[in-house]
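Trainee: Before we start, here is the structure in question, set down as structure tokens.
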Amino acid sequence: MEARRADHHHVAATSQEEQAPARVTRHVRPRRNRRADWVRRLVREHELSPSDLIWPFFVTEGKGVREPVASMPSVFRHSIDEAVKAVKEAAGLGVPAVAVFPYTTASLRDERGSEALNADNLVCRTVRAIKDAVPEIGIITDVALDPYTSHGHDGLIRDGCILNDETVEVLARQAQVQAEAGADVVAPSDMMDGRVAAIREALEECGLHETQIMSYTAKYASGYYGPFRDAIGSASALRGDKRTYQMDPANSDEAIREAELDIAEGADMLMVKPGMPYLDILRRLKDTFAMPTFAYQVSGEYAMLAAAFQNGWLDHDRIVLETLTCFKRAGADGILTYFALDAARLLNDRT
Ligand SMILES: NCc1[nH]cc(CCC(=O)O)c1CC(=O)O
Ligand SMILES: [Mg+2]
């Protein structure tokens, strides 16, 4: 009778059969599984851990240098000795891998990005120093010419066009130089066609069978890379934009086609970039290919959040863990994030 009264607006629902589903529905309370910490932990679908994090960091020449990056509060360009200290800390916090990006002074930049092939360049020296001091951590190097070109593009240019096949040849040699210095994973971020196959071929030819390739598979022509270009000193150098090689933010099917190619060409891991605005792409790639799939929470995403933290508009600890957990929920096996050390500290303190 109680039930009938509550349902009085369902005038047509007179028979027992018609009322039953309504009563059952009323007794279903999703909040039961949220009522205490113990049960929330029991039903939790995804758990963020320090093992999910990759720390991207910037290196610069010198000794004892920690130079702030203006558009990325609390991010620094480290000299190699300082980078080694920070990477040691990352390893101690349980972060499995780091990704190194060089700040290159204007005097070392040229039209062809020749410094990329110097076996003694800043990146190679950093890799050797880390391998020596922190052998247990994985090192990822970026394969692209933009830190080394005077025009700030990722490839070679002729008559205003980014040349694909000529660039790919240089990238394959760049990857080889990095792998010979000790990089565990080479990560082509240039978006030239066919570069994964060319890099794989070059690595195999010199016996570097174990060097992995993490391909920036779906890398979009995004405005979110601005602060990164400040950090590596290519913002003022860059002429034009990267829309003839990086993907259109309006496209999703195209990411599937890019991933098919990268997998066929020998990529060991895929990556989507930027991160948070592209979680739909991440989910599609993970569901379609079941490959180890990573997301890059890029410099502009970091800058937005850091600015809000500085203003007291968002809570740092809470938001850092929430955003990174969202990447896991969307299918990421791991996340490249400038918050990696902060997040690892928070996760370690929690347990
Ligand atoms: N090929 C270079 C490269 N590798 C990683 C980033 C961006 C990373 C970030 O914004 O945090 C970029 C910038 C770009 O493509 O212009
Ligand atoms: Mg491609």
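Simple scheme: letters A, B, ... for chains in structure tokens order, numbers from 1 for residues in each chain, numbers from 1 for ligands in the order shown.
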Just the residues within 12 Å of region 33-49 of chain A, please, counting only C-alpha atoms, with nothing from its chain fewer than 4 positions along; format it as a PyMOL selection string.

Mentor: chain A and resi 28-29+53-54+93-96+320-335+340-341+343-351

Trainee: Could you give me, as JSON lines, every chain A residue with an atom at most 9 Å from ligand 1, plus its closest atom pair and distance in Å to one decimal, counting only C-alpha atoms and all ligand atoms, rows ordered by chain then number?

Mentor:
```
{"residue": "A:Pro56", "atom": "CA", "partner": "ligand 1", "partner_atom_place_in_ligand_line": "11 (O)", "distance": 8.0}
{"residue": "A:Phe101", "atom": "CA", "partner": "ligand 1", "partner_atom_place_in_ligand_line": "4 (N)", "distance": 7.8}
{"residue": "A:Asp142", "atom": "CA", "partner": "ligand 1", "partner_atom_place_in_ligand_line": "4 (N)", "distance": 6.5}
{"residue": "A:Val143", "atom": "CA", "partner": "ligand 1", "partner_atom_place_in_ligand_line": "1 (N)", "distance": 7.3}
{"residue": "A:Ala144", "atom": "CA", "partner": "ligand 1", "partner_atom_place_in_ligand_line": "1 (N)", "distance": 5.1}
{"residue": "A:Leu145", "atom": "CA", "partner": "ligand 1", "partner_atom_place_in_ligand_line": "1 (N)", "distance": 7.0}
{"residue": "A:Asp146", "atom": "CA", "partner": "ligand 1", "partner_atom_place_in_ligand_line": "1 (N)", "distance": 5.8}
{"residue": "A:Pro147", "atom": "CA", "partner": "ligand 1", "partner_atom_place_in_ligand_line": "2 (C)", "distance": 7.3}
{"residue": "A:Gly152", "atom": "CA", "partner": "ligand 1", "partner_atom_place_in_ligand_line": "16 (O)", "distance": 8.2}
{"residue": "A:His153", "atom": "CA", "partner": "ligand 1", "partner_atom_place_in_ligand_line": "16 (O)", "distance": 7.7}
{"residue": "A:Asp154", "atom": "CA", "partner": "ligand 1", "partner_atom_place_in_ligand_line": "1 (N)", "distance": 5.8}
{"residue": "A:Ala187", "atom": "CA", "partner": "ligand 1", "partner_atom_place_in_ligand_line": "4 (N)", "distance": 8.9}
{"residue": "A:Pro188", "atom": "CA", "partner": "ligand 1", "partner_atom_place_in_ligand_line": "1 (N)", "distance": 7.7}
{"residue": "A:Ser189", "atom": "CA", "partner": "ligand 1", "partner_atom_place_in_ligand_line": "1 (N)", "distance": 4.6}
{"residue": "A:Asp190", "atom": "CA", "partner": "ligand 1", "partner_atom_place_in_ligand_line": "1 (N)", "distance": 5.1}
{"residue": "A:Met191", "atom": "CA", "partner": "ligand 1", "partner_atom_place_in_ligand_line": "1 (N)", "distance": 8.3}
{"residue": "A:Tyr216", "atom": "CA", "partner": "ligand 1", "partner_atom_place_in_ligand_line": "4 (N)", "distance": 8.7}
{"residue": "A:Lys219", "atom": "CA", "partner": "ligand 1", "partner_atom_place_in_ligand_line": "15 (O)", "distance": 7.9}
{"residue": "A:Tyr220", "atom": "CA", "partner": "ligand 1", "partner_atom_place_in_ligand_line": "15 (O)", "distance": 8.4}
{"residue": "A:Ala221", "atom": "CA", "partner": "ligand 1", "partner_atom_place_in_ligand_line": "15 (O)", "distance": 7.6}
{"residue": "A:Ser222", "atom": "CA", "partner": "ligand 1", "partner_atom_place_in_ligand_line": "16 (O)", "distance": 8.1}
{"residue": "A:Gly223", "atom": "CA", "partner": "ligand 1", "partner_atom_place_in_ligand_line": "10 (O)", "distance": 8.7}
{"residue": "A:Tyr224", "atom": "CA", "partner": "ligand 1", "partner_atom_place_in_ligand_line": "10 (O)", "distance": 6.0}
{"residue": "A:Tyr225", "atom": "CA", "partner": "ligand 1", "partner_atom_place_in_ligand_line": "10 (O)", "distance": 3.5}
{"residue": "A:Gly226", "atom": "CA", "partner": "ligand 1", "partner_atom_place_in_ligand_line": "10 (O)", "distance": 6.4}
{"residue": "A:Pro227", "atom": "CA", "partner": "ligand 1", "partner_atom_place_in_ligand_line": "10 (O)", "distance": 6.4}
{"residue": "A:Phe228", "atom": "CA", "partner": "ligand 1", "partner_atom_place_in_ligand_line": "10 (O)", "distance": 4.5}
{"residue": "A:Arg229", "atom": "CA", "partner": "ligand 1", "partner_atom_place_in_ligand_line": "13 (C)", "distance": 6.2}
{"residue": "A:Ile232", "atom": "CA", "partner": "ligand 1", "partner_atom_place_in_ligand_line": "13 (C)", "distance": 9.0}
{"residue": "A:Ser234", "atom": "CA", "partner": "ligand 1", "partner_atom_place_in_ligand_line": "16 (O)", "distance": 8.5}
{"residue": "A:Ala235", "atom": "CA", "partner": "ligand 1", "partner_atom_place_in_ligand_line": "16 (O)", "distance": 8.7}
{"residue": "A:Leu238", "atom": "CA", "partner": "ligand 1", "partner_atom_place_in_ligand_line": "16 (O)", "distance": 8.9}
{"residue": "A:Asp241", "atom": "CA", "partner": "ligand 1", "partner_atom_place_in_ligand_line": "16 (O)", "distance": 8.7}
{"residue": "A:Lys242", "atom": "CA", "partner": "ligand 1", "partner_atom_place_in_ligand_line": "16 (O)", "distance": 7.4}
{"residue": "A:Gln246", "atom": "CA", "partner": "ligand 1", "partner_atom_place_in_ligand_line": "15 (O)", "distance": 7.8}
{"residue": "A:Lys273", "atom": "CA", "partner": "ligand 1", "partner_atom_place_in_ligand_line": "7 (C)", "distance": 8.1}
{"residue": "A:Pro274", "atom": "CA", "partner": "ligand 1", "partner_atom_place_in_ligand_line": "10 (O)", "distance": 7.5}
{"residue": "A:Tyr296", "atom": "CA", "partner": "ligand 1", "partner_atom_place_in_ligand_line": "11 (O)", "distance": 7.3}
{"residue": "A:Gln297", "atom": "CA", "partner": "ligand 1", "partner_atom_place_in_ligand_line": "11 (O)", "distance": 6.8}
{"residue": "A:Val298", "atom": "CA", "partner": "ligand 1", "partner_atom_place_in_ligand_line": "11 (O)", "distance": 3.5}
{"residue": "A:Ser299", "atom": "CA", "partner": "ligand 1", "partner_atom_place_in_ligand_line": "11 (O)", "distance": 3.6}
{"residue": "A:Gly300", "atom": "CA", "partner": "ligand 1", "partner_atom_place_in_ligand_line": "10 (O)", "distance": 6.1}
{"residue": "A:Glu301", "atom": "CA", "partner": "ligand 1", "partner_atom_place_in_ligand_line": "11 (O)", "distance": 8.1}
{"residue": "A:Tyr302", "atom": "CA", "partner": "ligand 1", "partner_atom_place_in_ligand_line": "11 (O)", "distance": 8.0}
{"residue": "A:Leu336", "atom": "CA", "partner": "ligand 1", "partner_atom_place_in_ligand_line": "11 (O)", "distance": 8.7}
{"residue": "A:Thr337", "atom": "CA", "partner": "ligand 1", "partner_atom_place_in_ligand_line": "11 (O)", "distance": 8.1}
{"residue": "A:Tyr338", "atom": "CA", "partner": "ligand 1", "partner_atom_place_in_ligand_line": "11 (O)", "distance": 8.0}
```

Trainee: Based on the backbone DSSP call, show me all residues of region 224-294 of chain A assigned strand (DSSP E), as a ChimeraX atom specification.

Mentor: /A:269-273,293-294

Trainee: At a cut-off of 9 Å, can you tabulate as a tab-separated table every residue of chain A near ligand 2 together with its closest atom pair and the distance in Å to one decimal, using only C-alpha atoms and all ligand atoms and ordering rows by chain then number?

Mentor:
```
residue	atom	partner	partner_atom_place_in_ligand_line	distance
A:Asp190	CA	ligand 2	1 (Mg)	8.8
A:Met191	CA	ligand 2	1 (Mg)	5.3
A:Met192	CA	ligand 2	1 (Mg)	6.1
A:Asp193	CA	ligand 2	1 (Mg)	4.8
A:Gly194	CA	ligand 2	1 (Mg)	6.6
A:Arg195	CA	ligand 2	1 (Mg)	7.5
A:Val196	CA	ligand 2	1 (Mg)	7.9
A:Ser215	CA	ligand 2	1 (Mg)	8.5
A:Tyr216	CA	ligand 2	1 (Mg)	8.1
A:Thr217	CA	ligand 2	1 (Mg)	5.9
A:Ala218	CA	ligand 2	1 (Mg)	7.5
A:Lys219	CA	ligand 2	1 (Mg)	8.8
A:Tyr245	CA	ligand 2	1 (Mg)	8.9
A:Gln246	CA	ligand 2	1 (Mg)	9.0
A:Ala255	CA	ligand 2	1 (Mg)	8.7
A:Arg257	CA	ligand 2	1 (Mg)	8.3
A:Glu258	CA	ligand 2	1 (Mg)	4.8
A:Ala259	CA	ligand 2	1 (Mg)	7.3
A:Glu260	CA	ligand 2	1 (Mg)	9.0
A:Leu261	CA	ligand 2	1 (Mg)	6.6
A:Asp262	CA	ligand 2	1 (Mg)	6.3
```

Trainee: Apply DSSP to the structure's backbone, then extract all residues of region 56-247 of chain A labelled alpha helix (DSSP H) and return them as an mmCIF file with N, CA and C atoms, in the first residue's frame.

Mentor:
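The resulting selection-v2.cif:
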```cif
data_model
loop_
_atom_site.group_PDB
_atom_site.id
_atom_site.type_symbol
_atom_site.label_atom_id
_atom_site.label_comp_id
_atom_site.auth_asym_id
_atom_site.auth_seq_id
_atom_site.Cartn_x
_atom_site.Cartn_y
_atom_site.Cartn_z
ATOM 1 N N ILE A 80 73.226 19.088 -16.542
ATOM 2 C CA ILE A 80 73.254 17.621 -16.454
ATOM 3 C C ILE A 80 73.399 17.135 -15.010
ATOM 4 N N ASP A 81 74.284 17.782 -14.235
ATOM 5 C CA ASP A 81 74.483 17.331 -12.837
ATOM 6 C C ASP A 81 73.185 17.452 -12.032
ATOM 7 N N GLU A 82 72.451 18.542 -12.251
ATOM 8 C CA GLU A 82 71.177 18.738 -11.536
ATOM 9 C C GLU A 82 70.117 17.756 -12.037
ATOM 10 N N ALA A 83 70.135 17.498 -13.337
ATOM 11 C CA ALA A 83 69.176 16.544 -13.914
ATOM 12 C C ALA A 83 69.398 15.163 -13.306
ATOM 13 N N VAL A 84 70.653 14.784 -13.157
ATOM 14 C CA VAL A 84 70.962 13.464 -12.585
ATOM 15 C C VAL A 84 70.388 13.356 -11.164
ATOM 16 N N LYS A 85 70.537 14.423 -10.381
ATOM 17 C CA LYS A 85 69.973 14.420 -9.009
ATOM 18 C C LYS A 85 68.469 14.231 -9.036
ATOM 19 N N ALA A 86 67.810 14.997 -9.935
ATOM 20 C CA ALA A 86 66.340 14.921 -10.003
ATOM 21 C C ALA A 86 65.885 13.548 -10.491
ATOM 22 N N VAL A 87 66.606 12.990 -11.430
ATOM 23 C CA VAL A 87 66.228 11.676 -11.967
ATOM 24 C C VAL A 87 66.439 10.598 -10.898
ATOM 25 N N LYS A 88 67.472 10.769 -10.094
ATOM 26 C CA LYS A 88 67.688 9.838 -8.978
ATOM 27 C C LYS A 88 66.491 9.898 -8.021
ATOM 28 N N GLU A 89 66.018 11.113 -7.779
ATOM 29 C CA GLU A 89 64.844 11.264 -6.913
ATOM 30 C C GLU A 89 63.617 10.586 -7.538
ATOM 31 N N ALA A 90 63.444 10.784 -8.843
ATOM 32 C CA ALA A 90 62.319 10.160 -9.551
ATOM 33 C C ALA A 90 62.358 8.639 -9.380
ATOM 34 N N ALA A 91 63.540 8.065 -9.563
ATOM 35 C CA ALA A 91 63.677 6.614 -9.425
ATOM 36 C C ALA A 91 63.321 6.190 -8.001
ATOM 37 N N GLY A 92 63.773 6.959 -7.020
ATOM 38 C CA GLY A 92 63.484 6.654 -5.618
ATOM 39 C C GLY A 92 61.993 6.708 -5.310
ATOM 40 N N LEU A 122 73.970 17.584 -26.174
ATOM 41 C CA LEU A 122 73.478 17.669 -24.790
ATOM 42 C C LEU A 122 72.637 16.457 -24.391
ATOM 43 N N VAL A 123 71.773 16.022 -25.287
ATOM 44 C CA VAL A 123 70.916 14.872 -24.984
ATOM 45 C C VAL A 123 71.754 13.609 -24.765
ATOM 46 N N CYS A 124 72.697 13.361 -25.665
ATOM 47 C CA CYS A 124 73.519 12.146 -25.543
ATOM 48 C C CYS A 124 74.350 12.166 -24.259
ATOM 49 N N ARG A 125 74.898 13.340 -23.925
ATOM 50 C CA ARG A 125 75.669 13.430 -22.673
ATOM 51 C C ARG A 125 74.761 13.212 -21.458
ATOM 52 N N THR A 126 73.551 13.726 -21.523
ATOM 53 C CA THR A 126 72.603 13.531 -20.417
ATOM 54 C C THR A 126 72.260 12.050 -20.268
ATOM 55 N N VAL A 127 72.003 11.400 -21.398
ATOM 56 C CA VAL A 127 71.648 9.979 -21.367
ATOM 57 C C VAL A 127 72.789 9.173 -20.736
ATOM 58 N N ARG A 128 74.015 9.454 -21.160
ATOM 59 C CA ARG A 128 75.151 8.701 -20.608
ATOM 60 C C ARG A 128 75.300 8.945 -19.112
ATOM 61 N N ALA A 129 75.115 10.198 -18.688
ATOM 62 C CA ALA A 129 75.262 10.527 -17.254
ATOM 63 C C ALA A 129 74.180 9.820 -16.431
ATOM 64 N N ILE A 130 72.970 9.760 -16.956
ATOM 65 C CA ILE A 130 71.883 9.103 -16.212
ATOM 66 C C ILE A 130 72.094 7.591 -16.188
ATOM 67 N N LYS A 131 72.464 7.023 -17.318
ATOM 68 C CA LYS A 131 72.711 5.567 -17.374
ATOM 69 C C LYS A 131 73.778 5.169 -16.364
ATOM 70 N N ASP A 132 74.755 6.039 -16.215
ATOM 71 C CA ASP A 132 75.861 5.783 -15.310
ATOM 72 C C ASP A 132 75.414 5.876 -13.847
ATOM 73 N N ALA A 133 74.629 6.923 -13.518
ATOM 74 C CA ALA A 133 74.288 7.202 -12.114
ATOM 75 C C ALA A 133 72.992 6.535 -11.664
ATOM 76 N N ASN A 164 59.404 15.387 -46.395
ATOM 77 C CA ASN A 164 59.145 14.171 -45.608
ATOM 78 C C ASN A 164 60.313 13.186 -45.640
ATOM 79 N N ASP A 165 60.619 12.661 -46.825
ATOM 80 C CA ASP A 165 61.541 11.533 -46.895
ATOM 81 C C ASP A 165 62.976 11.906 -46.512
ATOM 82 N N GLU A 166 63.386 13.131 -46.891
ATOM 83 C CA GLU A 166 64.718 13.605 -46.499
ATOM 84 C C GLU A 166 64.807 13.733 -44.987
ATOM 85 N N THR A 167 63.718 14.219 -44.378
ATOM 86 C CA THR A 167 63.696 14.357 -42.916
ATOM 87 C C THR A 167 63.780 12.989 -42.258
ATOM 88 N N VAL A 168 63.037 12.036 -42.790
ATOM 89 C CA VAL A 168 63.009 10.693 -42.200
ATOM 90 C C VAL A 168 64.416 10.079 -42.150
ATOM 91 N N GLU A 169 65.194 10.316 -43.207
ATOM 92 C CA GLU A 169 66.572 9.792 -43.205
ATOM 93 C C GLU A 169 67.382 10.366 -42.048
ATOM 94 N N VAL A 170 67.220 11.660 -41.804
ATOM 95 C CA VAL A 170 67.957 12.296 -40.704
ATOM 96 C C VAL A 170 67.443 11.774 -39.356
ATOM 97 N N LEU A 171 66.138 11.623 -39.246
ATOM 98 C CA LEU A 171 65.549 11.147 -37.991
ATOM 99 C C LEU A 171 66.053 9.742 -37.637
ATOM 100 N N ALA A 172 66.192 8.897 -38.651
ATOM 101 C CA ALA A 172 66.669 7.537 -38.404
ATOM 102 C C ALA A 172 68.081 7.581 -37.834
ATOM 103 N N ARG A 173 68.897 8.489 -38.373
ATOM 104 C CA ARG A 173 70.268 8.622 -37.841
ATOM 105 C C ARG A 173 70.253 9.241 -36.450
ATOM 106 N N GLN A 174 69.365 10.200 -36.230
ATOM 107 C CA GLN A 174 69.256 10.817 -34.896
ATOM 108 C C GLN A 174 68.885 9.754 -33.858
ATOM 109 N N ALA A 175 67.923 8.909 -34.202
ATOM 110 C CA ALA A 175 67.487 7.856 -33.270
ATOM 111 C C ALA A 175 68.636 6.903 -32.966
ATOM 112 N N GLN A 176 69.408 6.583 -34.009
ATOM 113 C CA GLN A 176 70.544 5.685 -33.834
ATOM 114 C C GLN A 176 71.584 6.291 -32.884
ATOM 115 N N VAL A 177 71.867 7.578 -33.066
ATOM 116 C CA VAL A 177 72.834 8.279 -32.208
ATOM 117 C C VAL A 177 72.352 8.246 -30.746
ATOM 118 N N GLN A 178 71.063 8.476 -30.536
ATOM 119 C CA GLN A 178 70.501 8.477 -29.176
ATOM 120 C C GLN A 178 70.551 7.076 -28.565
ATOM 121 N N ALA A 179 70.208 6.076 -29.372
ATOM 122 C CA ALA A 179 70.203 4.697 -28.872
ATOM 123 C C ALA A 179 71.624 4.260 -28.537
ATOM 124 N N GLU A 180 72.589 4.668 -29.366
ATOM 125 C CA GLU A 180 73.984 4.315 -29.085
ATOM 126 C C GLU A 180 74.477 4.980 -27.804
ATOM 127 N N ALA A 181 73.915 6.157 -27.477
ATOM 128 C CA ALA A 181 74.290 6.825 -26.227
ATOM 129 C C ALA A 181 73.666 6.130 -25.016
ATOM 130 N N ARG A 195 58.367 7.303 -40.607
ATOM 131 C CA ARG A 195 59.577 7.421 -39.773
ATOM 132 C C ARG A 195 59.753 6.247 -38.843
ATOM 133 N N VAL A 196 58.668 5.613 -38.400
ATOM 134 C CA VAL A 196 58.830 4.486 -37.481
ATOM 135 C C VAL A 196 59.559 3.336 -38.189
ATOM 136 N N ALA A 197 59.158 3.037 -39.430
ATOM 137 C CA ALA A 197 59.817 1.973 -40.195
ATOM 138 C C ALA A 197 61.296 2.292 -40.413
ATOM 139 N N ALA A 198 61.576 3.530 -40.766
ATOM 140 C CA ALA A 198 62.969 3.908 -41.044
ATOM 141 C C ALA A 198 63.825 3.828 -39.781
ATOM 142 N N ILE A 199 63.263 4.240 -38.659
ATOM 143 C CA ILE A 199 64.009 4.190 -37.394
ATOM 144 C C ILE A 199 64.243 2.733 -36.989
ATOM 145 N N ARG A 200 63.198 1.902 -37.121
ATOM 146 C CA ARG A 200 63.333 0.474 -36.772
ATOM 147 C C ARG A 200 64.444 -0.173 -37.597
ATOM 148 N N GLU A 201 64.409 0.139 -38.906
ATOM 149 C CA GLU A 201 65.412 -0.410 -39.824
ATOM 150 C C GLU A 201 66.822 0.007 -39.403
ATOM 151 N N ALA A 202 66.980 1.289 -39.099
ATOM 152 C CA ALA A 202 68.304 1.798 -38.721
ATOM 153 C C ALA A 202 68.783 1.152 -37.428
ATOM 154 N N LEU A 203 67.886 0.975 -36.486
ATOM 155 C CA LEU A 203 68.277 0.373 -35.202
ATOM 156 C C LEU A 203 68.689 -1.082 -35.400
ATOM 157 N N GLU A 204 67.890 -1.813 -36.203
ATOM 158 C CA GLU A 204 68.204 -3.229 -36.451
ATOM 159 C C GLU A 204 69.559 -3.363 -37.140
ATOM 160 N N GLU A 205 69.797 -2.484 -38.110
ATOM 161 C CA GLU A 205 71.050 -2.559 -38.870
ATOM 162 C C GLU A 205 72.280 -2.422 -37.986
ATOM 163 N N GLY A 226 52.759 25.679 -26.527
ATOM 164 C CA GLY A 226 53.462 26.959 -26.409
ATOM 165 C C GLY A 226 54.531 27.006 -25.327
ATOM 166 N N PRO A 227 54.187 26.674 -24.075
ATOM 167 C CA PRO A 227 55.191 26.767 -23.019
ATOM 168 C C PRO A 227 56.401 25.848 -23.240
ATOM 169 N N PHE A 228 56.177 24.679 -23.844
ATOM 170 C CA PHE A 228 57.289 23.771 -24.161
ATOM 171 C C PHE A 228 58.270 24.449 -25.109
ATOM 172 N N ARG A 229 57.731 25.144 -26.088
ATOM 173 C CA ARG A 229 58.615 25.805 -27.058
ATOM 174 C C ARG A 229 59.424 26.900 -26.381
ATOM 175 N N ASP A 230 58.874 27.526 -25.350
ATOM 176 C CA ASP A 230 59.666 28.446 -24.515
ATOM 177 C C ASP A 230 60.787 27.683 -23.838
ATOM 178 N N ALA A 231 60.427 26.551 -23.270
ATOM 179 C CA ALA A 231 61.382 25.779 -22.454
ATOM 180 C C ALA A 231 62.575 25.310 -23.273
#
```

Trainee: Find the residues around Ser79 (chain A) up to 7 Å (only C-alpha atoms counted), leave out those fewer than 3 positions away in its own chain, and share them as a list in words.

Mentor: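 Using only C-alpha atoms, the neighbours found are Val59, Thr60, Glu61, Gly62, Lys63, Gly64, Val65, Arg66, Glu82 and Ala83 of chain A.
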
Trainee: List the spatial neighbours of Gly160 (chain A) as a list of chain:residue names - criterion: any atom at most 12 Å away, only C-alpha atoms, same-chain residues fewer than 3 positions off excluded.

Mentor: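 Here the answer would be A:His151, A:His153, A:Gly155, A:Leu156, A:Ile157, A:Leu163, A:Arg239, A:Gly240, A:Asp241, A:Lys242, A:Thr244.
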
Trainee: Between A:Ala237, A:Ala250, A:Ala306, A:Leu279, which has the minimum distance to Arg109 (chain A) (counting only C-alpha atoms)?

Mentor: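 For Arg109 (chain A), the nearest of the given residues is A:Ala237.
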
Trainee: Just to confirm, what's the straight-line distance from CA of Val75 (chain A) to CA of Gly233 (chain A) in Å (one decimal)?

Mentor: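 Between these atoms lies a distance of 14.3 Å.
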